[in-house]
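Have a look at the structure below before the remarks.
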Amino acid sequence: MSDDVDDVDDDDVPADDPVTTAIDDRLDEYRERLFDLLRQPSISTTGEGMAVAGDLVVETLEASGLDAELIETSRHPLVYAERVPESVARGEVPADEVPTVVFYGHYDVQPPGDEDAWESPAFEPTVRDGSIFARGAGDNKGQFACHAFAVDALLATDAFPEVEVKLLIEGGEESGSHGLREYLEDGAREIEDADLVYVADGPQHAVAPGAADAEEAFVDGETPVEVARESRPTLIYGNRGVLSFQLDHRTANTDLHSGNFGGPVPAATNELVEALSSMRGPDGDEITVEGFHDGVEITEADRELVAAIPDDSAAIAADLELSHFASDDPYYERLLTQPTMTINGLSGGYQGDGMKTVLPNEATAKLDCRLVPHQDPNDVFDAIRDHLDEVAPDVEATKQSTFPPMKTPVDTPAADPVESALAAVWGESPVELPVLGGSLPAAYFRDVEALSDVPVLIVPYANHDQGNHSPNEHLDVENFENGIRTSARVLQAIEEQL
């Protein structure tokens, strides 16, 4: 978090910059290389296309001047690639005397979903209205490819900096990152010397110019008028964690007639709802489970970042057609500094058309908790289970998955070259967020002893409305091109500033 980040003019990339010129001259070639990646299905959840997708990534990275290889795992392989400065390759400078940057990404994608909802086929990349439409365009092929193309342009202009560049591109991010976690548990030998882990994934932050804040969002109960939101360059210092779990409750051995048995015989649905309610305060937002908030640590610097985020909550309310927010707290304070507990789904009893006077004997709830630094997902689950043991001992709690929260201090020196590069390329200061609202497997890098304190910075290149995981996923052409320029400028700035 630089003090002079608002002064972007001095750092603007000159129009005649050789690297920028090289990138501009090669944009058609880079787009076609990206299209080759996008044409190849790589759905890790089903395995479709995965047998050849990793090899295609290796070919793409090698074509950009990197030495690349597959790293096999018990699931889908990772792709590892590197490029060292000539001075290191010739033995003139020891490798440990130059900074090492690890770019993380993933080549697997989500299934297309409803094919009829796509305006063009998911695996036939198409440019329209200034955007590249294809599954994986934004999440994440179009973003990790920017790093490779940046290396290509730097090499083409003899401008490759005194920085060791490494790419680690996994093949299972969309299905649990099992291969990545296995690799990291084995010691991650290839990347253990990293000075920075750089993640270009997710959408940029969106801002509605001149939009009203939350206090003006809802007037006389009316939903605000929709205001267009625009993507802004973004720098994020961590991500929220997540705990997913399921609650199951059973009373009788079968569903019963609500007239013949209702009253003395408990309904599983009623009791499960009561158990869920016991974990929330009267306002419906406060979480009252003892021990749930243990470990929460939000620094004053984090709060300053949050306070500086442009408050466009009125535009968000309009876009989502909301009549109210769940909390009176400022929107981004609630989103980024406080944990949540969300009921993702409820089932039990009769769900068909019409009515059925049934006394349900079984009920299920699926929940997730978004966690903030430094909460431990396993400790949070234990607190929830202990709470239920007291208030509803017959309710069974099952932990399903976890991602730990991750945080890099906002005063890390590693942020300075990234901030200056973003300002130079995009022409405006980045919006800085202490954490990403969602969860990323980048947190697992911290499990490697050698990387336990490495800065991990998230720098999304995709437009805020990329529609990742949805039909018609798309990456704006401008974002793709600026992503390449940003990766190149980041590497140059690291040589200059670190």
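How things are named: the first chain in the structure tokens is A, the next is B, and so on; residues count from 1 in each chain; ligands count from 1 in the order shown.
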- Message: Could you list, as a ChimeraX atom specification, every residue within 7 Å of Thr288 in chain A, counting only C-alpha atoms and ignoring same-chain residues fewer than 5 positions away?
- Response: /A:279-281
C-alpha atoms of the current selection, written as a tab-separated table (two decimals), in the first residue's frame:
```
chain	number	residue	atom	x	y	z
A	279	MET	CA	-27.06	-19.87	15.83
A	280	ARG	CA	-28.26	-16.40	14.82
A	281	GLY	CA	-29.02	-13.23	16.74
```
In range 357-411 of chain A, DSSP alpha helix (DSSP H) residues written as a PDB file with N, CA, C and O atoms, in the first residue's frame:
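Saved the output as result-v4.pdb:
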```pdb
ATOM      1  N   PRO A 377     -10.867 -23.006   9.828  1.00  0.00           N
ATOM      2  CA  PRO A 377     -12.130 -23.653   9.457  1.00  0.00           C
ATOM      3  C   PRO A 377     -12.476 -24.853  10.339  1.00  0.00           C
ATOM      4  O   PRO A 377     -13.651 -25.067  10.673  1.00  0.00           O
ATOM      5  N   ASN A 378     -11.477 -25.624  10.728  1.00  0.00           N
ATOM      6  CA  ASN A 378     -11.751 -26.793  11.561  1.00  0.00           C
ATOM      7  C   ASN A 378     -12.188 -26.391  12.967  1.00  0.00           C
ATOM      8  O   ASN A 378     -13.096 -27.008  13.546  1.00  0.00           O
ATOM      9  N   ASP A 379     -11.585 -25.335  13.507  1.00  0.00           N
ATOM     10  CA  ASP A 379     -12.004 -24.861  14.824  1.00  0.00           C
ATOM     11  C   ASP A 379     -13.420 -24.295  14.772  1.00  0.00           C
ATOM     12  O   ASP A 379     -14.203 -24.450  15.721  1.00  0.00           O
ATOM     13  N   VAL A 380     -13.750 -23.617  13.690  1.00  0.00           N
ATOM     14  CA  VAL A 380     -15.099 -23.070  13.542  1.00  0.00           C
ATOM     15  C   VAL A 380     -16.124 -24.201  13.498  1.00  0.00           C
ATOM     16  O   VAL A 380     -17.181 -24.132  14.141  1.00  0.00           O
ATOM     17  N   PHE A 381     -15.804 -25.262  12.755  1.00  0.00           N
ATOM     18  CA  PHE A 381     -16.725 -26.398  12.697  1.00  0.00           C
ATOM     19  C   PHE A 381     -16.901 -27.026  14.075  1.00  0.00           C
ATOM     20  O   PHE A 381     -18.027 -27.377  14.480  1.00  0.00           O
ATOM     21  N   ASP A 382     -15.812 -27.161  14.806  1.00  0.00           N
ATOM     22  CA  ASP A 382     -15.909 -27.732  16.157  1.00  0.00           C
ATOM     23  C   ASP A 382     -16.807 -26.869  17.045  1.00  0.00           C
ATOM     24  O   ASP A 382     -17.598 -27.400  17.852  1.00  0.00           O
ATOM     25  N   ALA A 383     -16.710 -25.548  16.910  1.00  0.00           N
ATOM     26  CA  ALA A 383     -17.553 -24.660  17.712  1.00  0.00           C
ATOM     27  C   ALA A 383     -19.022 -24.833  17.357  1.00  0.00           C
ATOM     28  O   ALA A 383     -19.895 -24.844  18.241  1.00  0.00           O
ATOM     29  N   ILE A 384     -19.308 -24.984  16.073  1.00  0.00           N
ATOM     30  CA  ILE A 384     -20.695 -25.188  15.641  1.00  0.00           C
ATOM     31  C   ILE A 384     -21.216 -26.522  16.155  1.00  0.00           C
ATOM     32  O   ILE A 384     -22.350 -26.624  16.659  1.00  0.00           O
ATOM     33  N   ARG A 385     -20.409 -27.545  16.039  1.00  0.00           N
ATOM     34  CA  ARG A 385     -20.835 -28.868  16.509  1.00  0.00           C
ATOM     35  C   ARG A 385     -21.059 -28.860  18.022  1.00  0.00           C
ATOM     36  O   ARG A 385     -22.043 -29.433  18.512  1.00  0.00           O
ATOM     37  N   ASP A 386     -20.194 -28.191  18.779  1.00  0.00           N
ATOM     38  CA  ASP A 386     -20.373 -28.109  20.231  1.00  0.00           C
ATOM     39  C   ASP A 386     -21.670 -27.362  20.571  1.00  0.00           C
ATOM     40  O   ASP A 386     -22.394 -27.744  21.501  1.00  0.00           O
ATOM     41  N   HIS A 387     -21.959 -26.311  19.824  1.00  0.00           N
ATOM     42  CA  HIS A 387     -23.192 -25.565  20.048  1.00  0.00           C
ATOM     43  C   HIS A 387     -24.416 -26.453  19.820  1.00  0.00           C
ATOM     44  O   HIS A 387     -25.354 -26.471  20.630  1.00  0.00           O
ATOM     45  N   LEU A 388     -24.394 -27.187  18.722  1.00  0.00           N
ATOM     46  CA  LEU A 388     -25.540 -28.049  18.410  1.00  0.00           C
ATOM     47  C   LEU A 388     -25.672 -29.190  19.407  1.00  0.00           C
ATOM     48  O   LEU A 388     -26.787 -29.630  19.720  1.00  0.00           O
ATOM     49  N   ASP A 389     -24.557 -29.675  19.923  1.00  0.00           N
ATOM     50  CA  ASP A 389     -24.626 -30.735  20.929  1.00  0.00           C
ATOM     51  C   ASP A 389     -25.396 -30.269  22.165  1.00  0.00           C
ATOM     52  O   ASP A 389     -26.044 -31.071  22.853  1.00  0.00           O
ATOM     53  N   GLU A 390     -25.351 -28.964  22.424  1.00  0.00           N
ATOM     54  CA  GLU A 390     -26.057 -28.429  23.590  1.00  0.00           C
ATOM     55  C   GLU A 390     -27.521 -28.149  23.303  1.00  0.00           C
ATOM     56  O   GLU A 390     -28.387 -28.449  24.115  1.00  0.00           O
ATOM     57  N   VAL A 391     -27.800 -27.556  22.143  1.00  0.00           N
ATOM     58  CA  VAL A 391     -29.176 -27.107  21.884  1.00  0.00           C
ATOM     59  C   VAL A 391     -29.989 -28.103  21.069  1.00  0.00           C
ATOM     60  O   VAL A 391     -31.222 -28.096  21.138  1.00  0.00           O
TER      61      VAL A 391
END
```
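Using only C-alpha atoms, the smallest distance between any of A:Asp116, A:Glu271, A:Asp248, A:Glu481 and Lys366 in chain A comes from A:Asp248.
Considering only C-alpha atoms, the residue among A:Ile343, A:Ala252, A:Cys146, A:Leu440 positioned nearest to Asp368 in chain A is A:Ile343.
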In range 48-228 of chain A, what's strand (DSSP E) per DSSP? Answer as an mmCIF file with N, CA, C and O atoms, in the first residue's frame?
```cif
data_model
loop_
_atom_site.group_PDB
_atom_site.id
_atom_site.type_symbol
_atom_site.label_atom_id
_atom_site.label_comp_id
_atom_site.auth_asym_id
_atom_site.auth_seq_id
_atom_site.Cartn_x
_atom_site.Cartn_y
_atom_site.Cartn_z
ATOM 1 N N ASP A 67 10.710 -22.778 -20.390
ATOM 2 C CA ASP A 67 10.941 -24.217 -20.311
ATOM 3 C C ASP A 67 9.821 -24.814 -19.481
ATOM 4 O O ASP A 67 9.638 -24.450 -18.309
ATOM 5 N N ALA A 68 9.034 -25.720 -20.063
ATOM 6 C CA ALA A 68 7.818 -26.197 -19.409
ATOM 7 C C ALA A 68 7.785 -27.721 -19.359
ATOM 8 O O ALA A 68 8.367 -28.410 -20.208
ATOM 9 N N GLU A 69 7.088 -28.231 -18.347
ATOM 10 C CA GLU A 69 6.944 -29.674 -18.177
ATOM 11 C C GLU A 69 5.682 -29.969 -17.371
ATOM 12 O O GLU A 69 5.149 -29.101 -16.679
ATOM 13 N N LEU A 70 5.223 -31.206 -17.482
ATOM 14 C CA LEU A 70 4.114 -31.678 -16.659
ATOM 15 C C LEU A 70 4.661 -32.236 -15.351
ATOM 16 O O LEU A 70 5.694 -32.898 -15.325
ATOM 17 N N ILE A 71 3.947 -31.966 -14.265
ATOM 18 C CA ILE A 71 4.222 -32.596 -12.985
ATOM 19 C C ILE A 71 3.018 -33.469 -12.663
ATOM 20 O O ILE A 71 1.918 -32.968 -12.434
ATOM 21 N N LEU A 78 -0.086 -30.940 -12.994
ATOM 22 C CA LEU A 78 0.227 -29.519 -12.987
ATOM 23 C C LEU A 78 1.184 -29.243 -14.137
ATOM 24 O O LEU A 78 1.882 -30.148 -14.622
ATOM 25 N N VAL A 79 1.217 -28.001 -14.575
ATOM 26 C CA VAL A 79 2.205 -27.563 -15.552
ATOM 27 C C VAL A 79 3.151 -26.602 -14.844
ATOM 28 O O VAL A 79 2.706 -25.624 -14.227
ATOM 29 N N TYR A 80 4.442 -26.908 -14.926
ATOM 30 C CA TYR A 80 5.463 -26.026 -14.347
ATOM 31 C C TYR A 80 6.317 -25.481 -15.486
ATOM 32 O O TYR A 80 6.700 -26.202 -16.409
ATOM 33 N N ALA A 81 6.597 -24.179 -15.430
ATOM 34 C CA ALA A 81 7.436 -23.554 -16.453
ATOM 35 C C ALA A 81 8.314 -22.505 -15.792
ATOM 36 O O ALA A 81 7.951 -21.931 -14.759
ATOM 37 N N GLU A 82 9.465 -22.238 -16.409
ATOM 38 C CA GLU A 82 10.359 -21.231 -15.849
ATOM 39 C C GLU A 82 11.183 -20.576 -16.950
ATOM 40 O O GLU A 82 11.370 -21.137 -18.036
ATOM 41 N N ARG A 83 11.651 -19.383 -16.623
ATOM 42 C CA ARG A 83 12.610 -18.687 -17.467
ATOM 43 C C ARG A 83 13.533 -17.918 -16.545
ATOM 44 O O ARG A 83 13.084 -17.138 -15.693
ATOM 45 N N THR A 100 12.548 -13.981 -7.358
ATOM 46 C CA THR A 100 11.804 -15.033 -8.042
ATOM 47 C C THR A 100 10.310 -14.785 -7.888
ATOM 48 O O THR A 100 9.809 -14.631 -6.773
ATOM 49 N N VAL A 101 9.605 -14.746 -9.024
ATOM 50 C CA VAL A 101 8.160 -14.550 -9.039
ATOM 51 C C VAL A 101 7.501 -15.830 -9.537
ATOM 52 O O VAL A 101 7.894 -16.372 -10.584
ATOM 53 N N VAL A 102 6.522 -16.319 -8.795
ATOM 54 C CA VAL A 102 5.740 -17.482 -9.210
ATOM 55 C C VAL A 102 4.351 -17.002 -9.606
ATOM 56 O O VAL A 102 3.619 -16.443 -8.779
ATOM 57 N N PHE A 103 4.007 -17.182 -10.865
ATOM 58 C CA PHE A 103 2.659 -16.898 -11.334
ATOM 59 C C PHE A 103 1.830 -18.174 -11.208
ATOM 60 O O PHE A 103 2.170 -19.213 -11.782
ATOM 61 N N TYR A 104 0.745 -18.095 -10.450
ATOM 62 C CA TYR A 104 -0.144 -19.249 -10.280
ATOM 63 C C TYR A 104 -1.408 -19.059 -11.125
ATOM 64 O O TYR A 104 -1.943 -17.952 -11.240
ATOM 65 N N GLY A 105 -1.885 -20.157 -11.696
ATOM 66 C CA GLY A 105 -3.155 -20.147 -12.419
ATOM 67 C C GLY A 105 -3.675 -21.560 -12.558
ATOM 68 O O GLY A 105 -3.120 -22.509 -11.993
ATOM 69 N N HIS A 106 -4.735 -21.734 -13.324
ATOM 70 C CA HIS A 106 -5.262 -23.085 -13.554
ATOM 71 C C HIS A 106 -5.811 -23.198 -14.970
ATOM 72 O O HIS A 106 -6.376 -22.246 -15.510
ATOM 73 N N THR A 126 -15.208 -16.891 -29.591
ATOM 74 C CA THR A 126 -15.812 -15.936 -30.512
ATOM 75 C C THR A 126 -15.648 -14.533 -29.957
ATOM 76 O O THR A 126 -15.847 -14.302 -28.765
ATOM 77 N N VAL A 127 -15.273 -13.608 -30.820
ATOM 78 C CA VAL A 127 -15.163 -12.205 -30.418
ATOM 79 C C VAL A 127 -16.406 -11.461 -30.884
ATOM 80 O O VAL A 127 -16.746 -11.480 -32.072
ATOM 81 N N ARG A 128 -17.096 -10.831 -29.948
ATOM 82 C CA ARG A 128 -18.208 -9.952 -30.288
ATOM 83 C C ARG A 128 -18.344 -8.888 -29.199
ATOM 84 O O ARG A 128 -18.078 -9.149 -28.036
ATOM 85 N N SER A 131 -15.436 -8.449 -26.706
ATOM 86 C CA SER A 131 -15.121 -9.469 -25.701
ATOM 87 C C SER A 131 -14.882 -10.815 -26.360
ATOM 88 O O SER A 131 -15.429 -11.109 -27.428
ATOM 89 N N ILE A 132 -14.066 -11.640 -25.697
ATOM 90 C CA ILE A 132 -13.804 -13.013 -26.128
ATOM 91 C C ILE A 132 -14.729 -13.924 -25.340
ATOM 92 O O ILE A 132 -14.630 -14.024 -24.113
ATOM 93 N N PHE A 133 -15.641 -14.591 -26.023
ATOM 94 C CA PHE A 133 -16.610 -15.475 -25.379
ATOM 95 C C PHE A 133 -16.155 -16.926 -25.523
ATOM 96 O O PHE A 133 -15.965 -17.423 -26.636
ATOM 97 N N GLU A 164 13.789 -14.145 -11.934
ATOM 98 C CA GLU A 164 13.490 -15.524 -12.294
ATOM 99 C C GLU A 164 11.973 -15.687 -12.304
ATOM 100 O O GLU A 164 11.295 -15.413 -11.308
ATOM 101 N N VAL A 165 11.446 -16.106 -13.447
ATOM 102 C CA VAL A 165 10.002 -16.218 -13.651
ATOM 103 C C VAL A 165 9.598 -17.684 -13.654
ATOM 104 O O VAL A 165 10.182 -18.493 -14.387
ATOM 105 N N LYS A 166 8.597 -18.013 -12.831
ATOM 106 C CA LYS A 166 8.092 -19.375 -12.776
ATOM 107 C C LYS A 166 6.572 -19.352 -12.880
ATOM 108 O O LYS A 166 5.920 -18.466 -12.337
ATOM 109 N N LEU A 167 6.019 -20.303 -13.593
ATOM 110 C CA LEU A 167 4.576 -20.465 -13.687
ATOM 111 C C LEU A 167 4.196 -21.823 -13.126
ATOM 112 O O LEU A 167 4.839 -22.841 -13.446
ATOM 113 N N LEU A 168 3.177 -21.850 -12.292
ATOM 114 C CA LEU A 168 2.621 -23.099 -11.795
ATOM 115 C C LEU A 168 1.136 -23.081 -12.123
ATOM 116 O O LEU A 168 0.364 -22.320 -11.520
ATOM 117 N N ILE A 169 0.746 -23.889 -13.083
ATOM 118 C CA ILE A 169 -0.618 -23.892 -13.597
ATOM 119 C C ILE A 169 -1.237 -25.251 -13.281
ATOM 120 O O ILE A 169 -0.827 -26.277 -13.825
ATOM 121 N N GLU A 170 -2.216 -25.256 -12.398
ATOM 122 C CA GLU A 170 -2.783 -26.538 -11.966
ATOM 123 C C GLU A 170 -3.962 -26.965 -12.838
ATOM 124 O O GLU A 170 -4.551 -26.162 -13.565
ATOM 125 N N LEU A 196 7.622 -13.935 -4.360
ATOM 126 C CA LEU A 196 6.262 -13.440 -4.543
ATOM 127 C C LEU A 196 5.454 -14.486 -5.295
ATOM 128 O O LEU A 196 5.933 -15.035 -6.287
ATOM 129 N N VAL A 197 4.260 -14.779 -4.790
ATOM 130 C CA VAL A 197 3.291 -15.584 -5.535
ATOM 131 C C VAL A 197 2.235 -14.618 -6.054
ATOM 132 O O VAL A 197 1.598 -13.889 -5.282
ATOM 133 N N TYR A 198 2.056 -14.615 -7.371
ATOM 134 C CA TYR A 198 1.203 -13.640 -8.061
ATOM 135 C C TYR A 198 0.059 -14.399 -8.712
ATOM 136 O O TYR A 198 0.273 -15.296 -9.525
ATOM 137 N N VAL A 199 -1.155 -14.042 -8.351
ATOM 138 C CA VAL A 199 -2.338 -14.772 -8.810
ATOM 139 C C VAL A 199 -3.218 -13.837 -9.640
ATOM 140 O O VAL A 199 -3.809 -12.889 -9.109
ATOM 141 N N HIS A 205 -12.457 -5.498 -9.400
ATOM 142 C CA HIS A 205 -13.477 -4.803 -8.622
ATOM 143 C C HIS A 205 -14.240 -3.854 -9.543
ATOM 144 O O HIS A 205 -13.679 -3.281 -10.472
ATOM 145 N N ALA A 206 -15.529 -3.708 -9.278
ATOM 146 C CA ALA A 206 -16.364 -2.831 -10.091
ATOM 147 C C ALA A 206 -16.792 -1.624 -9.280
ATOM 148 O O ALA A 206 -17.080 -1.721 -8.085
ATOM 149 N N VAL A 207 -16.841 -0.485 -9.935
ATOM 150 C CA VAL A 207 -17.244 0.764 -9.293
ATOM 151 C C VAL A 207 -18.282 1.438 -10.174
ATOM 152 O O VAL A 207 -18.155 1.467 -11.401
#
```
- Contacts of Asp195 in chain A at 12 Å or less, counting only C-alpha atoms, minus same-chain residues fewer than 5 places along, as a VMD selection string? chain A and resid 96 to 103 163 to 166 412 to 415 450 to 457 494 498
- Item | Counting only C-alpha atoms, the option among A:Leu436, A:Ala493, A:Ala268, A:Val273 closest to Leu336 in chain A | A:Leu436
- Message: I want to know what sits within 8 Å of range 42-50 of chain A, based on only C-alpha atoms, with residues of the same chain fewer than 3 positions away left out; could you give that as a ChimeraX atom specification?
- Response: /A:53-54,76,107-111,171-172,174-175
- Query: Which polymer residues have any atom within 12 Å of an atom of Asp186 in chain A, counting only C-alpha atoms, with same-chain residues fewer than 4 positions away left out, as a PyMOL selection string?
  - Reply: chain A and resi 71+73+179-182+190-192+445+447-449
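Across the model, the gap from CA of Arg489 in chain A to CA of Ala423 in chain A is 10.3 Å.
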- Choose the residue, out of A:Pro409, A:Gly284, A:Gly437, A:Gly263, that has the smallest atom-to-atom separation from Pro339 in chain A; count only C-alpha atoms. A:Gly437
- Grab the CA of Asp294 in chain A to CA of Gln338 in chain A distance for me, in Å with one decimal place. 11.9 Å
